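Visitor: model.pdb is the file, holding PDB, C-alpha atoms:
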ATOM      1  CA  MET P   9      18.000  -9.178   5.456  1.00  0.00           C
ATOM      2  CA  ILE P  10      16.113  -6.096   4.338  1.00  0.00           C
ATOM      3  CA  ARG P  11      15.850  -3.069   6.572  1.00  0.00           C
ATOM      4  CA  LEU P  12      13.723   0.023   6.060  1.00  0.00           C
ATOM      5  CA  LEU P  13      15.361   2.873   7.970  1.00  0.00           C
ATOM      6  CA  CYS P  14      13.147   5.925   8.433  1.00  0.00           C
ATOM      7  CA  VAL P  15      13.623   9.384   9.897  1.00  0.00           C
ATOM      8  CA  GLY P  16      10.625  10.120  12.108  1.00  0.00           C
ATOM      9  CA  LYS P  17       7.998   8.069  13.896  1.00  0.00           C
ATOM     10  CA  MET P  18       4.971   6.313  12.428  1.00  0.00           C
ATOM     11  CA  LYS P  19       2.037   8.144  13.980  1.00  0.00           C
ATOM     12  CA  ASP P  20      -0.840   6.743  11.918  1.00  0.00           C
ATOM     13  CA  LYS P  21      -2.358   3.471  13.150  1.00  0.00           C
ATOM     14  CA  ALA P  22      -4.006   2.626   9.822  1.00  0.00           C
ATOM     15  CA  LEU P  23      -0.742   3.058   7.922  1.00  0.00           C
ATOM     16  CA  GLN P  24       1.133   1.117  10.628  1.00  0.00           C
ATOM     17  CA  SER P  25      -1.290  -1.726  10.038  1.00  0.00           C
ATOM     18  CA  LEU P  26      -0.392  -1.697   6.331  1.00  0.00           C
ATOM     19  CA  VAL P  27       3.330  -1.575   7.161  1.00  0.00           C
ATOM     20  CA  SER P  28       2.870  -4.613   9.406  1.00  0.00           C
ATOM     21  CA  GLU P  29       0.947  -6.447   6.684  1.00  0.00           C
ATOM     22  CA  TYR P  30       3.691  -5.914   4.085  1.00  0.00           C
ATOM     23  CA  VAL P  31       6.422  -6.831   6.559  1.00  0.00           C
ATOM     24  CA  LYS P  32       4.539 -10.074   7.147  1.00  0.00           C
ATOM     25  CA  ARG P  33       4.213 -10.721   3.402  1.00  0.00           C
ATOM     26  CA  ILE P  34       7.868  -9.928   2.679  1.00  0.00           C
ATOM     27  CA  SER P  35       8.983 -12.241   5.495  1.00  0.00           C
ATOM     28  CA  ALA P  36       8.073 -15.194   3.268  1.00  0.00           C
ATOM     29  CA  PHE P  37      11.032 -14.155   1.079  1.00  0.00           C
ATOM     30  CA  SER P  38      13.431 -12.339   3.404  1.00  0.00           C
ATOM     31  CA  LYS P  39      13.816 -11.249   6.962  1.00  0.00           C
ATOM     32  CA  VAL P  40      12.685  -7.614   7.144  1.00  0.00           C
ATOM     33  CA  ASP P  41      12.867  -4.940   9.807  1.00  0.00           C
ATOM     34  CA  VAL P  42      11.582  -1.368  10.000  1.00  0.00           C
ATOM     35  CA  LEU P  43      13.676   0.997  12.107  1.00  0.00           C
ATOM     36  CA  GLU P  44      13.110   4.632  13.030  1.00  0.00           C
ATOM     37  CA  VAL P  45      15.474   7.382  14.061  1.00  0.00           C
ATOM     38  CA  LYS P  46      14.420  10.665  15.631  1.00  0.00           C
ATOM     39  CA  ASP P  47      13.626  13.558  13.325  1.00  0.00           C
ATOM     40  CA  GLU P  48      14.606  17.156  14.058  1.00  0.00           C
ATOM     41  CA  PRO P  49      12.105  19.929  14.730  1.00  0.00           C
ATOM     42  CA  ASN P  50      12.213  22.205  11.709  1.00  0.00           C
ATOM     43  CA  ALA P  51      10.337  25.355  12.705  1.00  0.00           C
ATOM     44  CA  HIS P  52      13.116  27.546  11.270  1.00  0.00           C
ATOM     45  CA  ALA P  53      13.857  25.487   8.174  1.00  0.00           C
ATOM     46  CA  GLU P  54      13.378  28.533   5.954  1.00  0.00           C
ATOM     47  CA  ARG P  55      16.892  29.553   6.984  1.00  0.00           C
ATOM     48  CA  ASP P  56      19.472  27.832   4.787  1.00  0.00           C
ATOM     49  CA  ALA P  57      21.941  27.232   7.615  1.00  0.00           C
ATOM     50  CA  GLU P  58      19.196  25.717   9.768  1.00  0.00           C
ATOM     51  CA  THR P  59      18.095  23.408   6.954  1.00  0.00           C
ATOM     52  CA  VAL P  60      21.655  22.149   6.519  1.00  0.00           C
ATOM     53  CA  ARG P  61      22.003  21.606  10.287  1.00  0.00           C
ATOM     54  CA  ILE P  62      18.740  19.653  10.452  1.00  0.00           C
ATOM     55  CA  LYS P  63      19.608  17.461   7.467  1.00  0.00           C
ATOM     56  CA  ASP P  64      23.104  16.813   8.813  1.00  0.00           C
ATOM     57  CA  ASN P  65      21.816  15.843  12.265  1.00  0.00           C
ATOM     58  CA  GLU P  66      19.255  13.463  10.818  1.00  0.00           C
ATOM     59  CA  ALA P  67      21.865  12.015   8.459  1.00  0.00           C
ATOM     60  CA  GLU P  68      24.182  11.299  11.400  1.00  0.00           C
ATOM     61  CA  ARG P  69      21.402   9.386  13.159  1.00  0.00           C
ATOM     62  CA  VAL P  70      20.794   7.309  10.038  1.00  0.00           C
ATOM     63  CA  LEU P  71      24.506   6.713   9.457  1.00  0.00           C
ATOM     64  CA  SER P  72      24.885   5.454  13.032  1.00  0.00           C
ATOM     65  CA  LYS P  73      22.520   2.581  12.130  1.00  0.00           C
ATOM     66  CA  LEU P  74      24.455   1.553   9.005  1.00  0.00           C
ATOM     67  CA  ARG P  75      27.404  -0.787   8.705  1.00  0.00           C
ATOM     68  CA  ASP P  76      30.145  -0.523   6.088  1.00  0.00           C
ATOM     69  CA  GLN P  77      29.019  -3.756   4.453  1.00  0.00           C
ATOM     70  CA  ASP P  78      25.360  -2.669   4.095  1.00  0.00           C
ATOM     71  CA  LEU P  79      24.042  -1.824   0.639  1.00  0.00           C
ATOM     72  CA  VAL P  80      22.138   1.454   1.019  1.00  0.00           C
ATOM     73  CA  ILE P  81      19.255   2.444  -1.249  1.00  0.00           C
ATOM     74  CA  LEU P  82      18.348   6.071  -0.530  1.00  0.00           C
ATOM     75  CA  LEU P  83      14.937   7.400  -1.481  1.00  0.00           C
ATOM     76  CA  ASP P  84      15.806  10.634  -3.244  1.00  0.00           C
ATOM     77  CA  LEU P  85      14.130  13.006  -5.686  1.00  0.00           C
ATOM     78  CA  GLY P  86      17.341  12.982  -7.734  1.00  0.00           C
ATOM     79  CA  GLY P  87      17.392   9.201  -7.957  1.00  0.00           C
ATOM     80  CA  LYS P  88      16.606   6.725 -10.711  1.00  0.00           C
ATOM     81  CA  MET P  89      13.119   5.379 -11.383  1.00  0.00           C
ATOM     82  CA  TRP P  90      12.279   1.832 -12.506  1.00  0.00           C
ATOM     83  CA  ASP P  91       9.107   0.098 -13.604  1.00  0.00           C
ATOM     84  CA  SER P  92       8.017  -2.886 -11.516  1.00  0.00           C
ATOM     85  CA  GLU P  93       9.820  -5.553 -13.549  1.00  0.00           C
ATOM     86  CA  LYS P  94      13.101  -3.606 -13.646  1.00  0.00           C
ATOM     87  CA  PHE P  95      12.793  -2.837  -9.939  1.00  0.00           C
ATOM     88  CA  ALA P  96      12.341  -6.562  -9.255  1.00  0.00           C
ATOM     89  CA  GLN P  97      15.550  -7.278 -11.184  1.00  0.00           C
ATOM     90  CA  GLN P  98      17.329  -4.542  -9.208  1.00  0.00           C
ATOM     91  CA  LEU P  99      15.995  -5.942  -5.936  1.00  0.00           C
ATOM     92  CA  GLY P 100      17.381  -9.395  -6.748  1.00  0.00           C
ATOM     93  CA  SER P 101      20.724  -7.914  -7.768  1.00  0.00           C
ATOM     94  CA  TRP P 102      20.937  -5.680  -4.681  1.00  0.00           C
ATOM     95  CA  GLN P 103      20.076  -8.548  -2.376  1.00  0.00           C
ATOM     96  CA  LEU P 104      22.790 -10.716  -3.933  1.00  0.00           C
ATOM     97  CA  LYS P 105      25.347  -7.893  -3.727  1.00  0.00           C
ATOM     98  CA  ALA P 106      24.480  -7.114  -0.085  1.00  0.00           C
ATOM     99  CA  GLY P 107      24.841 -10.805   0.774  1.00  0.00           C
ATOM    100  CA  GLN P 108      28.215 -11.009  -0.960  1.00  0.00           C
ATOM    101  CA  LYS P 109      29.387  -8.027   1.113  1.00  0.00           C
ATOM    102  CA  GLY P 110      28.064  -9.667   4.297  1.00  0.00           C
ATOM    103  CA  GLY P 111      25.604  -6.859   4.880  1.00  0.00           C
ATOM    104  CA  ASP P 112      21.943  -6.013   4.735  1.00  0.00           C
ATOM    105  CA  LEU P 113      19.951  -4.316   2.018  1.00  0.00           C
ATOM    106  CA  VAL P 114      18.892  -1.044   3.644  1.00  0.00           C
ATOM    107  CA  PHE P 115      16.267   1.285   2.187  1.00  0.00           C
ATOM    108  CA  VAL P 116      16.471   4.770   3.725  1.00  0.00           C
ATOM    109  CA  ILE P 117      13.766   7.432   3.917  1.00  0.00           C
ATOM    110  CA  ALA P 118      15.428  10.684   4.975  1.00  0.00           C
ATOM    111  CA  GLY P 119      13.668  13.485   6.834  1.00  0.00           C
ATOM    112  CA  SER P 120      11.122  15.878   5.390  1.00  0.00           C
ATOM    113  CA  LEU P 121      13.831  18.321   4.266  1.00  0.00           C
ATOM    114  CA  GLY P 122      15.745  15.622   2.390  1.00  0.00           C
ATOM    115  CA  PRO P 123      18.997  13.758   2.973  1.00  0.00           C
ATOM    116  CA  GLY P 124      22.110  15.377   4.400  1.00  0.00           C
ATOM    117  CA  LYS P 125      25.324  15.460   2.394  1.00  0.00           C
ATOM    118  CA  ALA P 126      26.946  12.600   4.319  1.00  0.00           C
ATOM    119  CA  LEU P 127      23.933  10.358   3.714  1.00  0.00           C
ATOM    120  CA  LEU P 128      23.944  11.159   0.001  1.00  0.00           C
ATOM    121  CA  GLU P 129      27.629  10.255  -0.115  1.00  0.00           C
ATOM    122  CA  ARG P 130      27.096   6.990   1.808  1.00  0.00           C
ATOM    123  CA  SER P 131      24.248   5.769  -0.370  1.00  0.00           C
ATOM    124  CA  ASP P 132      25.038   3.106  -2.953  1.00  0.00           C
ATOM    125  CA  VAL P 133      21.904   3.756  -5.006  1.00  0.00           C
ATOM    126  CA  ARG P 134      19.472   6.651  -5.143  1.00  0.00           C
ATOM    127  CA  TRP P 135      15.871   5.660  -5.936  1.00  0.00           C
ATOM    128  CA  LYS P 136      13.137   8.055  -6.996  1.00  0.00           C
ATOM    129  CA  LEU P 137       9.882   6.333  -6.169  1.00  0.00           C
ATOM    130  CA  SER P 138       7.709   8.651  -8.295  1.00  0.00           C
ATOM    131  CA  ASP P 139       7.360  12.117  -9.753  1.00  0.00           C
ATOM    132  CA  LEU P 140       4.445  12.538  -7.350  1.00  0.00           C
ATOM    133  CA  THR P 141       4.845  13.800  -3.795  1.00  0.00           C
ATOM    134  CA  PHE P 142       3.894  11.481  -0.915  1.00  0.00           C
ATOM    135  CA  THR P 143       3.994  11.892   2.836  1.00  0.00           C
ATOM    136  CA  HIS P 144       6.854  10.071   4.539  1.00  0.00           C
ATOM    137  CA  LEU P 145       4.396   7.750   6.247  1.00  0.00           C
ATOM    138  CA  ILE P 146       2.715   6.719   2.998  1.00  0.00           C
ATOM    139  CA  THR P 147       6.151   6.332   1.413  1.00  0.00           C
ATOM    140  CA  ARG P 148       6.934   3.590   3.945  1.00  0.00           C
ATOM    141  CA  VAL P 149       3.911   1.623   2.799  1.00  0.00           C
ATOM    142  CA  LEU P 150       4.706   2.201  -0.884  1.00  0.00           C
ATOM    143  CA  ILE P 151       8.308   1.045  -0.524  1.00  0.00           C
ATOM    144  CA  LEU P 152       7.311  -2.098   1.333  1.00  0.00           C
ATOM    145  CA  GLU P 153       4.583  -2.805  -1.228  1.00  0.00           C
ATOM    146  CA  GLN P 154       7.106  -2.418  -4.057  1.00  0.00           C
ATOM    147  CA  ILE P 155       9.569  -4.732  -2.310  1.00  0.00           C
ATOM    148  CA  TYR P 156       6.809  -7.322  -1.896  1.00  0.00           C
ATOM    149  CA  ARG P 157       5.768  -6.852  -5.540  1.00  0.00           C
ATOM    150  CA  GLY P 158       9.403  -7.292  -6.575  1.00  0.00           C
ATOM    151  CA  PHE P 159       9.669 -10.585  -4.718  1.00  0.00           C
ATOM    152  CA  MET P 160       6.428 -11.786  -6.270  1.00  0.00           C
ATOM    153  CA  ILE P 161       7.755 -10.983  -9.748  1.00  0.00           C
ATOM    154  CA  LEU P 162      11.114 -12.649  -9.019  1.00  0.00           C
ATOM    155  CA  ASN P 163       9.272 -15.776  -7.858  1.00  0.00           C
ATOM    156  CA  GLY P 164       6.914 -15.927 -10.864  1.00  0.00           C
ATOM    157  CA  ARG P 165       3.796 -15.145  -8.883  1.00  0.00           C
ATOM    158  CA  THR P 166       0.887 -13.168 -10.361  1.00  0.00           C
ATOM    159  CA  TYR P 167       0.368 -10.472  -7.701  1.00  0.00           C
ATOM    160  CA  HIS P 168       1.916  -7.749  -9.860  1.00  0.00           C
ATOM    161  CA  LYS P 169      -0.604  -8.021 -12.712  1.00  0.00           C
TER     162      LYS P 169
END
Write out the structure in this file as structure tokens.
Guide:
Amino acid sequence: MIRLLCVGKMKDKALQSLVSEYVKRISAFSKVDVLEVKDEPNAHAERDAETVRIKDNEAERVLSKLRDQDLVILLDLGGKMWDSEKFAQQLGSWQLKAGQKGGDLVFVIAGSLGPGKALLERSDVRWKLSDLTFTHLITRVLILEQIYRGFMILNGRTYHK
């Protein structure tokens, strides 16, 4: 099973429609679920101590949804980037590894201030989607589209061209 675990709520109906479409497409290859945890208000995030508190609180919410056997792919600016074919290979490898551990493959989008220390430590892989900056809501769609693209590549289909 693949889970997309996100900090914050999806507030855009058009983007939610795209999320639903990619969940439907991915379900031909794997069970998939999108989960949300509450984000923290960050009106005083310019204060270092407040930023750490916010990130730690959000990380704890995410960690409460993870099991020891889950393979966690954290979206992170310090992560590794792959092209589509390499990502597809990684996806197949991650899915196999998660299954061998008896867990799920969990992609995590942290809050707007980034991941807390505990979440960074818990992650198995850190993935940098792009050098560009995207909103968290668009990132959900992009991740799901890349997962779908990966499955299409792994199954020899032509969608990715």
Visitor: P:His144, P:Val114, P:Glu129, P:Gly16: which is nearest P:Glu48, counting all atoms listed in the file?
Guide: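 For P:Glu48, the nearest of the given residues is P:Gly16.
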Visitor: For atom CA of P:Ile34 and atom CA of P:Glu153, quote the distance in Å rounded to one decimal.
Guide: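 So the answer is 8.8 Å.
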Visitor: For P:Asp64, work out the shell of residues within 12 Å, counting all atoms listed in the file and skipping chain neighbours fewer than 6 positions away, then give it as JSON, numbers by chain.
Guide: {"P": [47, 48, 57, 58, 70, 71, 118, 119, 121, 122, 123, 124, 125, 126, 127, 128, 129]}
Visitor: I'd like to know which of P:Leu12, P:Gly86, P:Phe95, P:Lys109 is closest to P:Thr147, using all atoms listed in the file.
Guide: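 Closest residue, counting all atoms listed in the file: P:Leu12.
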Visitor: At what distance in Å, to one decimal, does atom CA of P:Asn65 lie from atom CA of P:Gln103?
Guide: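 Going from atom CA of P:Gln103 over to atom CA of P:Asn65, I get 28.5 Å.
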Visitor: Pick out the closest residue to P:Asp91 from this set: P:Leu152, P:Val15, P:Leu137, P:Met160. Count all atoms listed in the file.
Guide: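 So, comparing all the options, the nearest one is P:Leu137.
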Visitor: Find the distance between atom CA of P:Ile10 and atom CA of P:Arg157 and write it in Å to one decimal.
Guide: 14.3 Å
Visitor: Would you mind telling me which residue in P:Gln98, P:Asn50, P:Ser131, P:Ser35 lies nearest to P:Leu82 when using all atoms listed in the file?
Guide: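 For P:Leu82, the nearest of the given residues is P:Ser131.
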Visitor: As JSON, numbers by chain, please: the residues near stretch 72-75 of chain P (cut-off 10 Å, all atoms listed in the file, same-chain neighbours under 4 positions excluded).
Guide: {"P": [13, 43, 44, 45, 67, 68, 79, 80, 110, 111, 112, 114, 130]}
Visitor: Go through P:Pro49, P:Arg134, P:Thr141, P:Lys39 one by one, measure the shortest atom-to-atom distance of each to P:Lys63 using only C-alpha atoms, and give the residue with the smallest value.
Guide: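 Result for the nearest residue to P:Lys63: P:Pro49.
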Visitor: With the file shown as input, list the residues that the PyMOL selection byres ((chain P and resi 146) around 10) selects, as a PyMOL selection string.
Guide: chain P and resi 18+20+23-24+26-27+142-145+147-151
Visitor: Would you give the centre and edge lengths, in Å to one decimal, of a box along x, y and z around the listed atoms of stretch 9-26 of chain P, with 3 Å added to each side, as lines of an AutoDock Vina configuration file?
Guide:
center_x = 7.0
center_y = 0.5
center_z = 9.2
size_x = 28.0
size_y = 25.3
size_z = 15.6
Visitor: I'd like to know which of P:Ser25, P:Phe115, P:Val60, P:Glu66 is closest to P:Arg11, using all atoms listed in the file.
Guide: P:Phe115
Visitor: Can you translate the PyMOL selection byres ((chain P and resi 163) around 12) into the concrete residues it hits in this file, as number ranges by chain?
Guide: P: 36-37, 93, 96-97, 100, 156-162, 164-168
Visitor: Since the input has fewer atoms than a full residue there, write stretch 129-142 of chain P out with N, CA and C atoms, as a PDB file, in the coordinates of the input.
Guide:
ATOM      1  N   GLU P 129      26.335  10.839   0.223  1.00  0.00           N
ATOM      2  CA  GLU P 129      27.629  10.255  -0.115  1.00  0.00           C
ATOM      3  C   GLU P 129      27.711   8.781   0.259  1.00  0.00           C
ATOM      4  N   ARG P 130      27.051   8.386   1.345  1.00  0.00           N
ATOM      5  CA  ARG P 130      27.096   6.990   1.808  1.00  0.00           C
ATOM      6  C   ARG P 130      26.204   6.072   0.977  1.00  0.00           C
ATOM      7  N   SER P 131      25.193   6.621   0.348  1.00  0.00           N
ATOM      8  CA  SER P 131      24.248   5.769  -0.370  1.00  0.00           C
ATOM      9  C   SER P 131      24.924   5.104  -1.566  1.00  0.00           C
ATOM     10  N   ASP P 132      24.539   3.855  -1.806  1.00  0.00           N
ATOM     11  CA  ASP P 132      25.038   3.106  -2.953  1.00  0.00           C
ATOM     12  C   ASP P 132      24.170   3.345  -4.184  1.00  0.00           C
ATOM     13  N   VAL P 133      22.879   3.536  -3.943  1.00  0.00           N
ATOM     14  CA  VAL P 133      21.904   3.756  -5.006  1.00  0.00           C
ATOM     15  C   VAL P 133      20.927   4.813  -4.525  1.00  0.00           C
ATOM     16  N   ARG P 134      20.512   5.667  -5.446  1.00  0.00           N
ATOM     17  CA  ARG P 134      19.472   6.651  -5.143  1.00  0.00           C
ATOM     18  C   ARG P 134      18.241   6.308  -5.981  1.00  0.00           C
ATOM     19  N   TRP P 135      17.102   6.120  -5.299  1.00  0.00           N
ATOM     20  CA  TRP P 135      15.871   5.660  -5.936  1.00  0.00           C
ATOM     21  C   TRP P 135      14.810   6.737  -5.826  1.00  0.00           C
ATOM     22  N   LYS P 136      14.274   7.133  -6.959  1.00  0.00           N
ATOM     23  CA  LYS P 136      13.137   8.055  -6.996  1.00  0.00           C
ATOM     24  C   LYS P 136      11.895   7.206  -7.169  1.00  0.00           C
ATOM     25  N   LEU P 137      11.074   7.176  -6.163  1.00  0.00           N
ATOM     26  CA  LEU P 137       9.882   6.333  -6.169  1.00  0.00           C
ATOM     27  C   LEU P 137       8.876   6.790  -7.224  1.00  0.00           C
ATOM     28  N   SER P 138       8.723   8.115  -7.382  1.00  0.00           N
ATOM     29  CA  SER P 138       7.709   8.651  -8.295  1.00  0.00           C
ATOM     30  C   SER P 138       7.964  10.136  -8.519  1.00  0.00           C
ATOM     31  N   ASP P 139       7.357  10.667  -9.559  1.00  0.00           N
ATOM     32  CA  ASP P 139       7.360  12.117  -9.753  1.00  0.00           C
ATOM     33  C   ASP P 139       6.333  12.783  -8.830  1.00  0.00           C
ATOM     34  N   LEU P 140       5.440  12.008  -8.277  1.00  0.00           N
ATOM     35  CA  LEU P 140       4.445  12.538  -7.350  1.00  0.00           C
ATOM     36  C   LEU P 140       5.062  12.756  -5.978  1.00  0.00           C
ATOM     37  N   THR P 141       4.406  13.565  -5.166  1.00  0.00           N
ATOM     38  CA  THR P 141       4.845  13.800  -3.795  1.00  0.00           C
ATOM     39  C   THR P 141       3.966  12.991  -2.845  1.00  0.00           C
ATOM     40  N   PHE P 142       4.602  12.271  -1.914  1.00  0.00           N
ATOM     41  CA  PHE P 142       3.894  11.481  -0.915  1.00  0.00           C
ATOM     42  C   PHE P 142       4.382  11.885   0.467  1.00  0.00           C
TER      43      PHE P 142
END
